[in-house]
file final13.cif (mmCIF, C-alpha atoms and all ligand atoms)
data_work
loop_
_atom_site.label_atom_id
_atom_site.label_comp_id
_atom_site.auth_asym_id
_atom_site.auth_seq_id
_atom_site.Cartn_x
_atom_site.Cartn_y
_atom_site.Cartn_z
CA MET A 1164 99.83 21.90 -27.22
CA SER A 1165 102.58 20.92 -29.64
CA SER A 1166 102.05 21.17 -33.38
CA ASN A 1167 102.23 17.43 -33.95
CA ARG A 1168 99.04 16.99 -31.98
CA ILE A 1169 96.98 19.14 -34.35
CA ARG A 1170 94.77 16.86 -36.38
CA ARG A 1171 91.26 18.31 -36.26
CA ILE A 1172 90.52 22.02 -36.28
CA ALA A 1173 87.33 24.07 -36.08
CA ILE A 1174 86.65 27.42 -37.72
CA SER A 1175 84.14 29.95 -36.44
CA THR A 1176 83.03 33.32 -37.83
CA GLY A 1177 81.65 35.82 -35.32
CA GLY A 1178 80.27 39.36 -35.22
CA GLY A 1179 78.94 41.27 -38.21
CA ASP A 1180 79.81 39.69 -41.55
CA ALA A 1181 82.44 41.27 -43.78
CA PRO A 1182 83.44 40.63 -47.40
CA GLY A 1183 86.36 38.21 -47.34
CA LEU A 1184 85.14 35.83 -44.63
CA ASN A 1185 84.60 33.06 -47.16
CA ALA A 1186 88.06 33.64 -48.61
CA VAL A 1187 89.53 33.06 -45.12
CA ILE A 1188 87.47 29.89 -44.63
CA ARG A 1189 88.59 28.64 -48.03
CA SER A 1190 92.27 29.33 -47.40
CA VAL A 1191 92.18 27.73 -43.94
CA VAL A 1192 90.49 24.61 -45.27
CA LEU A 1193 92.72 24.18 -48.31
CA SER A 1194 95.95 24.74 -46.43
CA ALA A 1195 94.87 22.57 -43.46
CA LEU A 1196 93.76 19.73 -45.74
CA GLY A 1197 97.16 20.03 -47.38
CA LEU A 1198 98.72 19.16 -44.00
CA GLY A 1199 96.42 16.17 -43.66
CA TRP A 1200 94.23 17.78 -40.98
CA GLU A 1201 90.45 17.50 -40.72
CA CYS A 1202 88.44 20.74 -40.80
CA PHE A 1203 85.08 21.59 -39.29
CA GLY A 1204 82.97 24.73 -39.23
CA ILE A 1205 80.88 25.85 -36.25
CA ARG A 1206 77.58 27.39 -37.31
CA ASP A 1207 76.64 31.00 -36.49
CA GLY A 1208 79.50 32.01 -34.22
CA PHE A 1209 79.20 29.61 -31.28
CA ASN A 1210 75.46 29.03 -31.67
CA GLY A 1211 76.19 25.71 -33.36
CA ILE A 1212 77.57 24.60 -29.99
CA PHE A 1213 74.78 26.00 -27.85
CA PHE A 1214 71.81 25.16 -30.12
CA PRO A 1215 72.81 22.15 -32.29
CA GLN A 1216 69.15 21.18 -32.68
CA ARG A 1217 68.59 24.31 -34.78
CA TYR A 1218 70.68 22.91 -37.61
CA PRO A 1219 69.51 19.98 -39.77
CA GLN A 1220 73.16 19.03 -40.42
CA GLY A 1221 74.16 19.71 -36.78
CA GLY A 1222 75.95 22.72 -35.33
CA LEU A 1223 79.34 21.41 -36.52
CA ILE A 1224 79.83 20.73 -40.21
CA ARG A 1225 82.72 18.98 -41.87
CA LEU A 1226 84.54 21.16 -44.39
CA GLU A 1227 86.01 19.42 -47.39
CA ARG A 1228 87.49 20.80 -50.56
CA GLU A 1229 84.08 20.82 -52.28
CA ASN A 1230 82.52 22.90 -49.47
CA VAL A 1231 84.89 25.78 -50.18
CA ARG A 1232 85.08 25.56 -53.95
CA GLY A 1233 84.30 28.90 -55.66
CA ILE A 1234 83.53 30.82 -52.45
CA GLY A 1235 86.61 33.09 -52.37
CA ASN A 1236 84.82 35.89 -54.21
CA VAL A 1237 81.47 35.50 -52.46
CA GLY A 1238 80.36 37.91 -49.70
CA GLY A 1239 79.03 36.77 -46.30
CA THR A 1240 80.06 33.53 -44.59
CA ILE A 1241 79.03 29.99 -45.46
CA LEU A 1242 79.12 29.20 -41.72
CA GLY A 1243 76.74 31.97 -40.68
CA THR A 1244 77.54 34.45 -37.93
CA THR A 1245 75.95 36.37 -35.08
CA ASN A 1246 76.73 39.52 -33.16
CA SER A 1247 74.52 38.64 -30.22
CA GLY A 1248 74.82 35.91 -27.59
CA ASN A 1249 78.41 36.56 -26.48
CA PRO A 1250 79.38 33.24 -24.77
CA LEU A 1251 81.14 35.14 -21.99
CA ARG A 1252 77.91 37.06 -21.26
CA PHE A 1253 75.35 34.62 -22.57
CA PRO A 1254 71.73 35.67 -21.95
CA ALA A 1255 69.78 33.15 -19.85
CA THR A 1256 66.12 33.53 -18.92
CA MET A 1257 65.44 32.79 -15.25
CA PRO A 1258 62.25 31.12 -13.95
CA ASP A 1259 60.96 34.58 -12.88
CA GLY A 1260 61.38 35.83 -16.47
CA SER A 1261 64.41 38.00 -15.75
CA VAL A 1262 67.42 37.72 -18.09
CA VAL A 1263 70.89 37.28 -16.62
CA GLU A 1264 74.26 36.95 -18.33
CA GLN A 1265 76.23 33.71 -17.90
CA ASP A 1266 79.79 32.70 -18.80
CA ARG A 1267 79.38 29.64 -21.07
CA ARG A 1268 83.01 29.13 -22.02
CA ALA A 1269 83.09 25.76 -20.21
CA ASP A 1270 80.45 24.49 -22.65
CA ILE A 1271 82.73 25.42 -25.54
CA LEU A 1272 85.73 23.68 -23.97
CA ASN A 1273 83.63 20.55 -23.34
CA PHE A 1274 82.39 20.63 -26.93
CA PHE A 1275 85.95 20.76 -28.26
CA SER A 1276 87.03 17.90 -26.06
CA HIS A 1277 83.91 15.84 -26.87
CA HIS A 1278 84.52 16.24 -30.63
CA GLN A 1279 88.28 15.79 -30.27
CA LEU A 1280 88.93 19.17 -31.84
CA ASP A 1281 92.50 20.28 -31.25
CA ALA A 1282 92.26 23.97 -32.11
CA LEU A 1283 89.98 26.86 -33.02
CA ILE A 1284 90.55 29.45 -35.72
CA THR A 1285 88.22 32.28 -34.83
CA ILE A 1286 87.56 35.01 -37.38
CA GLY A 1287 86.09 38.22 -36.06
CA GLY A 1288 86.37 41.70 -34.67
CA ASP A 1289 87.11 42.97 -31.20
CA GLY A 1290 84.23 41.09 -29.51
CA THR A 1291 85.04 37.76 -31.17
CA LEU A 1292 88.78 38.07 -30.54
CA THR A 1293 88.13 38.93 -26.89
CA ILE A 1294 86.16 35.68 -26.64
CA GLY A 1295 89.03 33.90 -28.43
CA ASN A 1296 91.49 35.28 -25.90
CA ALA A 1297 89.32 34.11 -22.98
CA LEU A 1298 89.12 30.61 -24.51
CA HIS A 1299 92.89 30.57 -25.02
CA GLU A 1300 93.40 31.61 -21.38
CA SER A 1301 91.09 28.74 -20.39
CA GLY A 1302 93.32 26.23 -22.18
CA LEU A 1303 92.02 26.02 -25.75
CA VAL A 1304 94.44 26.37 -28.67
CA VAL A 1305 93.18 29.48 -30.47
CA ILE A 1306 94.36 31.55 -33.43
CA GLY A 1307 92.49 34.78 -34.25
CA VAL A 1308 91.95 36.31 -37.67
CA PRO A 1309 91.05 40.03 -37.75
CA LYS A 1310 87.85 40.92 -39.58
CA THR A 1311 85.76 44.06 -39.69
CA ILE A 1312 84.62 46.58 -42.25
CA ASP A 1313 85.16 49.20 -39.51
CA ASN A 1314 89.00 48.82 -39.50
CA ASP A 1315 88.96 49.54 -35.77
CA LEU A 1316 91.12 46.59 -34.67
CA ASP A 1317 94.45 47.43 -33.11
CA LYS A 1318 97.81 45.87 -33.98
CA THR A 1319 97.11 45.21 -37.64
CA ASN A 1320 97.63 47.64 -40.52
CA THR A 1321 94.13 46.86 -41.68
CA THR A 1322 91.39 44.25 -41.54
CA PHE A 1323 89.82 42.50 -44.50
CA GLY A 1324 86.38 43.88 -45.37
CA PHE A 1325 87.42 47.50 -44.93
CA ASP A 1326 88.69 47.99 -48.47
CA THR A 1327 85.48 46.58 -49.96
CA ALA A 1328 83.34 48.82 -47.74
CA VAL A 1329 85.39 51.92 -48.61
CA SER A 1330 85.35 51.12 -52.33
CA PHE A 1331 81.58 50.73 -52.37
CA ALA A 1332 80.98 53.84 -50.25
CA THR A 1333 83.25 55.79 -52.60
CA GLU A 1334 81.25 54.67 -55.62
CA CYS A 1335 77.99 55.66 -53.90
CA ILE A 1336 79.28 59.11 -52.92
CA ASP A 1337 80.60 59.61 -56.48
CA ARG A 1338 77.09 58.97 -57.76
CA LEU A 1339 75.51 61.40 -55.30
CA HIS A 1340 77.54 64.39 -56.57
CA SER A 1341 75.62 64.73 -59.84
CA THR A 1342 72.15 64.48 -58.33
CA ALA A 1343 73.01 66.81 -55.45
CA GLN A 1344 74.48 69.29 -57.92
CA SER A 1345 71.49 69.10 -60.27
CA HIS A 1346 69.03 69.85 -57.45
CA HIS A 1347 71.26 72.26 -55.49
CA ARG A 1348 70.87 70.05 -52.46
CA VAL A 1349 72.83 69.07 -49.42
CA ILE A 1350 73.07 65.28 -49.28
CA VAL A 1351 74.15 63.69 -46.01
CA VAL A 1352 75.60 60.20 -46.39
CA GLU A 1353 75.66 58.07 -43.22
CA VAL A 1354 78.20 55.25 -43.20
CA MET A 1355 78.93 52.47 -40.70
CA GLY A 1356 82.07 52.24 -38.60
CA ARG A 1357 80.84 52.01 -34.99
CA TYR A 1358 82.95 54.31 -32.80
CA ALA A 1359 85.63 54.88 -35.46
CA GLY A 1360 85.57 57.13 -38.50
CA TRP A 1361 87.77 55.10 -40.87
CA ILE A 1362 85.13 54.33 -43.50
CA ALA A 1363 83.86 57.93 -43.52
CA LEU A 1364 87.35 59.41 -43.70
CA HIS A 1365 88.69 57.17 -46.45
CA SER A 1366 85.59 57.14 -48.67
CA GLY A 1367 84.90 60.83 -48.04
CA ILE A 1368 88.36 61.89 -49.18
CA ALA A 1369 88.39 59.43 -52.09
CA ALA A 1370 85.02 60.71 -53.33
CA ASP A 1371 85.61 64.44 -52.79
CA ALA A 1372 83.07 64.99 -50.00
CA HIS A 1373 82.92 68.59 -48.80
CA CYS A 1374 82.45 67.74 -45.13
CA ILE A 1375 83.39 64.58 -43.22
CA LEU A 1376 82.18 64.10 -39.67
CA ILE A 1377 83.82 61.37 -37.58
CA PRO A 1378 83.56 60.29 -33.91
CA GLU A 1379 87.21 61.15 -33.21
CA ILE A 1380 86.58 64.87 -33.83
CA GLN A 1381 84.28 67.00 -31.70
CA VAL A 1382 81.85 68.41 -34.24
CA ASP A 1383 80.39 71.90 -34.08
CA LEU A 1384 77.70 71.90 -36.77
CA GLU A 1385 78.12 75.66 -37.26
CA ARG A 1386 81.42 74.89 -39.00
CA VAL A 1387 79.53 72.71 -41.49
CA VAL A 1388 76.93 75.46 -41.99
CA GLU A 1389 79.75 77.90 -42.68
CA LYS A 1390 81.28 75.54 -45.23
CA ILE A 1391 77.96 75.11 -47.05
CA ASN A 1392 77.36 78.88 -47.05
CA GLU A 1393 80.89 79.56 -48.23
CA ARG A 1394 80.35 77.20 -51.16
CA GLU A 1395 77.06 78.96 -51.95
CA ALA A 1396 78.88 82.30 -51.98
CA TYR A 1397 81.11 81.22 -54.84
CA GLY A 1398 78.33 79.50 -56.76
CA ARG A 1399 78.69 75.90 -55.62
CA LEU A 1400 75.08 75.31 -54.73
CA TYR A 1401 75.36 71.74 -53.46
CA SER A 1402 77.33 69.95 -50.78
CA ILE A 1403 78.05 66.36 -49.80
CA VAL A 1404 78.42 65.64 -46.08
CA VAL A 1405 79.66 62.20 -45.02
CA VAL A 1406 78.92 61.30 -41.41
CA ALA A 1407 80.12 58.22 -39.54
CA GLU A 1408 77.32 56.52 -37.60
CA GLY A 1409 79.10 56.91 -34.23
CA THR A 1410 79.62 60.68 -34.48
CA ALA A 1411 78.27 62.91 -31.71
CA ILE A 1412 77.21 66.37 -32.87
CA ASN A 1413 77.53 69.56 -30.80
CA GLY A 1414 78.55 67.59 -27.71
CA LYS A 1415 75.28 65.63 -27.65
CA GLY A 1416 75.19 61.82 -27.32
CA ARG A 1417 75.51 59.37 -30.17
CA SER A 1418 72.44 58.47 -32.17
CA LEU A 1419 71.23 54.98 -31.23
CA ALA A 1420 68.98 52.75 -33.31
CA ALA A 1421 68.60 50.34 -30.36
CA GLU A 1422 69.92 49.90 -26.82
CA ALA A 1423 72.08 46.84 -26.06
CA GLU A 1424 70.20 43.69 -25.07
CA ALA A 1425 71.69 41.11 -22.67
CA GLY A 1426 74.86 39.64 -24.23
CA GLY A 1427 74.69 42.11 -27.10
CA VAL A 1428 75.85 45.57 -28.09
CA GLU A 1429 74.05 48.85 -28.76
CA ARG A 1430 73.09 49.58 -32.36
CA LEU A 1431 74.10 52.90 -33.83
CA GLY A 1432 72.12 54.71 -36.49
CA GLY A 1433 70.11 57.79 -37.32
CA ILE A 1434 72.77 60.50 -37.13
CA GLY A 1435 72.51 61.19 -40.88
CA ALA A 1436 68.84 62.21 -40.65
CA ARG A 1437 69.56 64.35 -37.58
CA VAL A 1438 72.40 66.18 -39.31
CA ALA A 1439 70.30 66.69 -42.46
CA GLN A 1440 67.44 68.20 -40.45
CA MET A 1441 69.79 70.50 -38.51
CA LEU A 1442 71.47 71.65 -41.73
CA HIS A 1443 68.11 72.30 -43.35
CA ASP A 1444 67.00 74.35 -40.33
CA ARG A 1445 70.20 76.42 -40.35
CA THR A 1446 70.79 76.89 -44.09
CA GLY A 1447 67.26 76.65 -45.49
CA LYS A 1448 68.63 74.32 -48.14
CA ASP A 1449 66.85 71.27 -49.45
CA THR A 1450 68.55 68.30 -47.77
CA ARG A 1451 68.41 64.55 -48.24
CA THR A 1452 69.89 61.61 -46.31
CA VAL A 1453 71.33 58.39 -47.71
CA VAL A 1454 72.16 55.63 -45.24
CA LEU A 1455 74.58 53.12 -46.76
CA GLY A 1456 74.28 50.79 -43.76
CA HIS A 1457 74.49 47.09 -44.49
CA LEU A 1458 75.17 47.67 -48.19
CA LEU A 1459 78.75 48.22 -47.02
CA ARG A 1460 78.87 44.68 -45.63
CA GLY A 1461 77.58 42.87 -48.70
CA GLY A 1462 78.88 42.06 -52.13
CA THR A 1463 82.00 40.62 -53.57
CA PRO A 1464 85.28 41.39 -51.77
CA THR A 1465 87.85 43.53 -53.55
CA ALA A 1466 91.08 41.93 -54.73
CA PHE A 1467 92.86 43.55 -51.76
CA ASP A 1468 90.46 41.94 -49.28
CA ARG A 1469 90.57 38.54 -50.98
CA LEU A 1470 94.34 38.57 -50.86
CA ALA A 1471 94.46 39.76 -47.24
CA ALA A 1472 91.89 37.10 -46.28
CA THR A 1473 93.87 34.39 -48.04
CA ARG A 1474 97.12 35.47 -46.42
CA PHE A 1475 95.42 35.56 -42.99
CA GLY A 1476 93.84 32.10 -43.37
CA THR A 1477 97.01 30.39 -44.53
CA ALA A 1478 99.07 32.20 -41.86
CA ALA A 1479 96.61 31.02 -39.19
CA VAL A 1480 97.16 27.41 -40.24
CA ARG A 1481 100.94 27.93 -40.31
CA ALA A 1482 100.68 29.34 -36.77
CA LEU A 1483 98.93 26.19 -35.56
CA ALA A 1484 101.46 24.00 -37.33
CA ALA A 1485 104.20 25.93 -35.54
CA GLY A 1486 102.57 25.27 -32.16
CA LYS A 1487 101.30 28.81 -31.56
CA SER A 1488 98.17 29.72 -29.60
CA GLY A 1489 96.63 32.93 -28.25
CA VAL A 1490 97.78 35.04 -31.18
CA MET A 1491 96.09 37.01 -33.93
CA VAL A 1492 97.40 37.05 -37.46
CA ALA A 1493 98.08 40.68 -38.39
CA LEU A 1494 99.12 42.63 -41.44
CA ALA A 1495 102.41 44.42 -40.86
CA PHE A 1496 103.18 45.58 -44.39
CA PRO A 1497 104.74 44.01 -46.36
CA ASN A 1498 104.24 40.79 -44.36
CA VAL A 1499 101.90 39.16 -41.90
CA ASN A 1500 102.96 38.72 -38.30
CA TYR A 1501 101.43 37.42 -35.07
CA VAL A 1502 100.39 39.52 -32.09
CA PRO A 1503 99.18 38.22 -28.71
CA LEU A 1504 95.38 38.21 -28.52
CA ASP A 1505 95.51 39.95 -25.15
CA GLN A 1506 97.08 42.96 -26.87
CA VAL A 1507 94.10 43.18 -29.21
CA ALA A 1508 91.17 42.24 -26.96
CA GLY A 1509 89.19 45.17 -25.64
CA ARG A 1510 91.19 47.79 -27.58
CA MET A 1511 89.99 50.03 -30.37
CA LYS A 1512 92.00 51.62 -33.16
CA LEU A 1513 90.65 55.09 -33.82
CA VAL A 1514 91.61 57.55 -36.57
CA PRO A 1515 94.76 59.32 -35.33
CA LEU A 1516 94.26 63.07 -35.25
CA ASP A 1517 97.87 63.63 -36.28
CA GLY A 1518 97.81 61.14 -39.17
CA ASP A 1519 98.55 62.20 -42.73
CA THR A 1520 95.22 60.94 -44.11
CA LEU A 1521 93.25 63.36 -41.99
CA GLN A 1522 95.79 66.06 -42.79
CA ALA A 1523 95.39 65.33 -46.51
CA GLY A 1524 91.66 65.98 -46.13
CA ARG A 1525 92.31 69.23 -44.31
CA ASP A 1526 94.85 70.33 -46.94
CA MET A 1527 92.20 69.70 -49.60
CA GLY A 1528 89.84 72.08 -47.82
CA ILE A 1529 87.46 69.43 -46.50
CA CYS A 1530 85.52 70.57 -43.43
CA PHE A 1531 85.69 68.21 -40.43
CA GLY A 1532 83.34 70.22 -38.28
CA ASP A 1533 86.07 71.61 -36.02
O1 LIG B 1601 81.01 46.13 -36.89
C1 LIG B 1601 80.43 46.06 -38.13
C2 LIG B 1601 79.14 46.82 -38.18
O2 LIG B 1601 78.66 46.76 -39.50
C3 LIG B 1601 79.22 48.25 -37.67
O3 LIG B 1601 79.77 49.14 -38.62
C4 LIG B 1601 77.77 48.50 -37.33
O4 LIG B 1601 77.64 49.48 -36.32
C5 LIG B 1601 77.29 47.19 -36.84
O5 LIG B 1601 78.18 46.20 -37.35
C6 LIG B 1601 75.88 46.87 -37.27
O6 LIG B 1601 75.53 45.64 -36.77
P1 LIG B 1601 74.15 44.89 -37.08
O7 LIG B 1601 74.48 43.79 -38.02
O8 LIG B 1601 73.71 44.38 -35.75
O9 LIG B 1601 73.17 45.87 -37.66
#

call {"tool": "encode", "arguments": {"input": "final13.cif", "output": "structure tokens"}}
result
Amino acid sequence: MSSNRIRRIAISTGGGDAPGLNAVIRSVVLSALGLGWECFGIRDGFNGIFFPQRYPQGGLIRLERENVRGIGNVGGTILGTTNSGNPLRFPATMPDGSVVEQDRRADILNFFSHHQLDALITIGGDGTLTIGNALHESGLVVIGVPKTIDNDLDKTNTTFGFDTAVSFATECIDRLHSTAQSHHRVIVVEVMGRYAGWIALHSGIAADAHCILIPEIQVDLERVVEKINEREAYGRLYSIVVVAEGTAINGKGRSLAAEAEAGGVERLGGIGARVAQMLHDRTGKDTRTVVLGHLLRGGTPTAFDRLAATRFGTAAVRALAAGKSGVMVALAFPNVNYVPLDQVAGRMKLVPLDGDTLQAGRDMGICFGD
């Protein structure tokens, strides 16, 4: 579709929320209104399309300047989001009660044509951008914006949300030093990140953790025990262990809080308590667990994330104006660029084992369990 046909665009936020989503929505709306376009928001991912009756104002809401006033520094998303009900694998209950997965992308295409929407700006992580790519391949004009606190999206230096999550985790770990030290305890801090260890690595180094356990490194807990005992030997009677939720310990499986339901993904969680118990059993030390969990997703975005979000949103509108589709806006310091969605969909950016950040941690004497 050529740029001069863009008149009405829709924005959707999908997957887990991340600080900065509202700043993207705001920047898309303000820059699109500046071009004379009309803007709409789809509620709760694509649920506004599938279940319009759920929403008193309808599943599609018009976004004017006043809808986005003052939201740039507010966490969450004014549109709502969901990380279940993937439209490509949408759960449908059959007459016999069984649940099957259906591809509902045709419903989305019909919705866009019915409402005369020319393009979609979809803001999300791997799952959402994979859906965006499928919609683009089915003929919709789509621009993706990378979001996740996990920082596990490929082809962009970083995603918005990550800096806020790392900053908050760092503050929390800072606070745990004094109480762990006062009680001579081992405190295990579990952080989010899914299958990647970015949040654990960055916050753990920033906050002087003694051990950092991440999914990318095969962890032998005896190494952690040795580190704690070594600290004891020279009079450091406390230790802080940061563990990413997706880490597998001693070659055992990941710790799951819940199996995946139809159209959804498995939920990770519980590894912190397991590590704390194992360390207590092996060292005899008093141990405690702190799970930062969804605290990492809330709150006001940092200046870095607000700026990244604003650059992404405005660049997404510029991409549409230039006639692009099927691309994701990416950060390629010092600028933004555009990468094909099919190079992002279904890929995961893990912590590189030869990267200097990990090496910095090793040089500082941090134990990574290997
Ligand atoms: O992808 C973001 C994230 O917060 C992950 O770090 C975490 O595993 C997951 O979402 C939790 O999702 P939910 O909102 O379903 O608990």

call {"tool": "residues_around", "arguments": {"input": "final13.cif", "residues": "Val1192 in chain A", "least_positions_apart": "4", "cutoff": "10 Å", "atoms": "all atoms listed in the file", "output": "PyMOL selection string"}}
result
chain A and resi 1172-1174+1186-1188+1196-1198+1200-1204+1226-1228+1230-1231+1476-1477+1480

call {"tool": "residues_around", "arguments": {"input": "final13.cif", "residues": "range 1494-1509 of chain A", "least_positions_apart": "3", "cutoff": "8 Å", "atoms": "all atoms listed in the file", "output": "PyMOL selection string"}}
result
chain A and resi 1289-1290+1292-1293+1295-1296+1307+1316-1322+1471+1474-1475+1478+1489-1491

call {"tool": "write_last_selection", "arguments": {"input": "final13.cif", "atoms": "C-alpha atoms", "output": "PDB file, keeping the file's coordinate frame"}}
result
ATOM      1  CA  ASP A1289      87.110  42.970 -31.200  1.00  0.00           C
ATOM      2  CA  GLY A1290      84.230  41.090 -29.510  1.00  0.00           C
ATOM      3  CA  LEU A1292      88.780  38.070 -30.540  1.00  0.00           C
ATOM      4  CA  THR A1293      88.130  38.930 -26.890  1.00  0.00           C
ATOM      5  CA  GLY A1295      89.030  33.900 -28.430  1.00  0.00           C
ATOM      6  CA  ASN A1296      91.490  35.280 -25.900  1.00  0.00           C
ATOM      7  CA  GLY A1307      92.490  34.780 -34.250  1.00  0.00           C
ATOM      8  CA  LEU A1316      91.120  46.590 -34.670  1.00  0.00           C
ATOM      9  CA  ASP A1317      94.450  47.430 -33.110  1.00  0.00           C
ATOM     10  CA  LYS A1318      97.810  45.870 -33.980  1.00  0.00           C
ATOM     11  CA  THR A1319      97.110  45.210 -37.640  1.00  0.00           C
ATOM     12  CA  ASN A1320      97.630  47.640 -40.520  1.00  0.00           C
ATOM     13  CA  THR A1321      94.130  46.860 -41.680  1.00  0.00           C
ATOM     14  CA  THR A1322      91.390  44.250 -41.540  1.00  0.00           C
ATOM     15  CA  ALA A1471      94.460  39.760 -47.240  1.00  0.00           C
ATOM     16  CA  ARG A1474      97.120  35.470 -46.420  1.00  0.00           C
ATOM     17  CA  PHE A1475      95.420  35.560 -42.990  1.00  0.00           C
ATOM     18  CA  ALA A1478      99.070  32.200 -41.860  1.00  0.00           C
ATOM     19  CA  GLY A1489      96.630  32.930 -28.250  1.00  0.00           C
ATOM     20  CA  VAL A1490      97.780  35.040 -31.180  1.00  0.00           C
ATOM     21  CA  MET A1491      96.090  37.010 -33.930  1.00  0.00           C
TER      22      MET A1491
END

call {"tool": "residues_near_ligand", "arguments": {"input": "final13.cif", "ligand": "ligand LIG 1601 (chain B)", "cutoff": "6 Å", "atoms": "only C-alpha atoms and all ligand atoms", "output": "PyMOL selection string"}}
result
chain A and resi 1179+1311-1313+1355-1357+1431

call {"tool": "write_last_selection", "arguments": {"input": "final13.cif", "atoms": "C-alpha atoms", "output": "compact mmCIF listing (two decimals), keeping the file's coordinate frame"}}
result
# COMPACT_ATOMS: atom_id res chain seq x y z
CA GLY A 1179 78.94 41.27 -38.21
CA THR A 1311 85.76 44.06 -39.69
CA ILE A 1312 84.62 46.58 -42.25
CA ASP A 1313 85.16 49.20 -39.51
CA MET A 1355 78.93 52.47 -40.70
CA GLY A 1356 82.07 52.24 -38.60
CA ARG A 1357 80.84 52.01 -34.99
CA LEU A 1431 74.10 52.90 -33.83

call {"tool": "closest_residue", "arguments": {"input": "final13.cif", "among": "A:Met1257, A:Ile1434, A:Ala1297, A:Leu1184", "to": "Leu1242 in chain A", "atoms": "only C-alpha atoms"}}
result
A:Leu1184

call {"tool": "atom_distance", "arguments": {"input": "final13.cif", "atom1": "CA of Thr1333 in chain A", "atom2": "CA of Gly1367 in chain A"}}
result
7.0 Å

call {"tool": "residues_around", "arguments": {"input": "final13.cif", "residues": "Gly1360 in chain A", "least_positions_apart": "6", "cutoff": "12 Å", "atoms": "all atoms listed in the file", "output": "VMD selection string"}}
result
chain A and resid 1312 to 1315 1325 1329 1353 to 1354 1366 to 1367 1375 to 1380 1405 to 1411 1511 to 1516 1520 to 1521 1531

call {"tool": "atom_distance", "arguments": {"input": "final13.cif", "atom1": "CA of Val1263 in chain A", "atom2": "CA of Asn1246 in chain A"}}
result
17.7 Å

call {"tool": "atom_distance", "arguments": {"input": "final13.cif", "atom1": "CA of Arg1348 in chain A", "atom2": "CA of Asp1533 in chain A"}}
result
22.4 Å

call {"tool": "residues_around", "arguments": {"input": "final13.cif", "residues": "Asp1270 in chain A", "least_positions_apart": "3", "cutoff": "8 Å", "atoms": "all atoms listed in the file", "output": "PyMOL selection string"}}
result
chain A and resi 1212-1213+1267+1273-1274

call {"tool": "closest_residue", "arguments": {"input": "final13.cif", "among": "A:Leu1283, A:Ala1425, A:Ala1181, A:Leu1364", "to": "Val1262 in chain A", "atoms": "all atoms listed in the file"}}
result
A:Ala1425
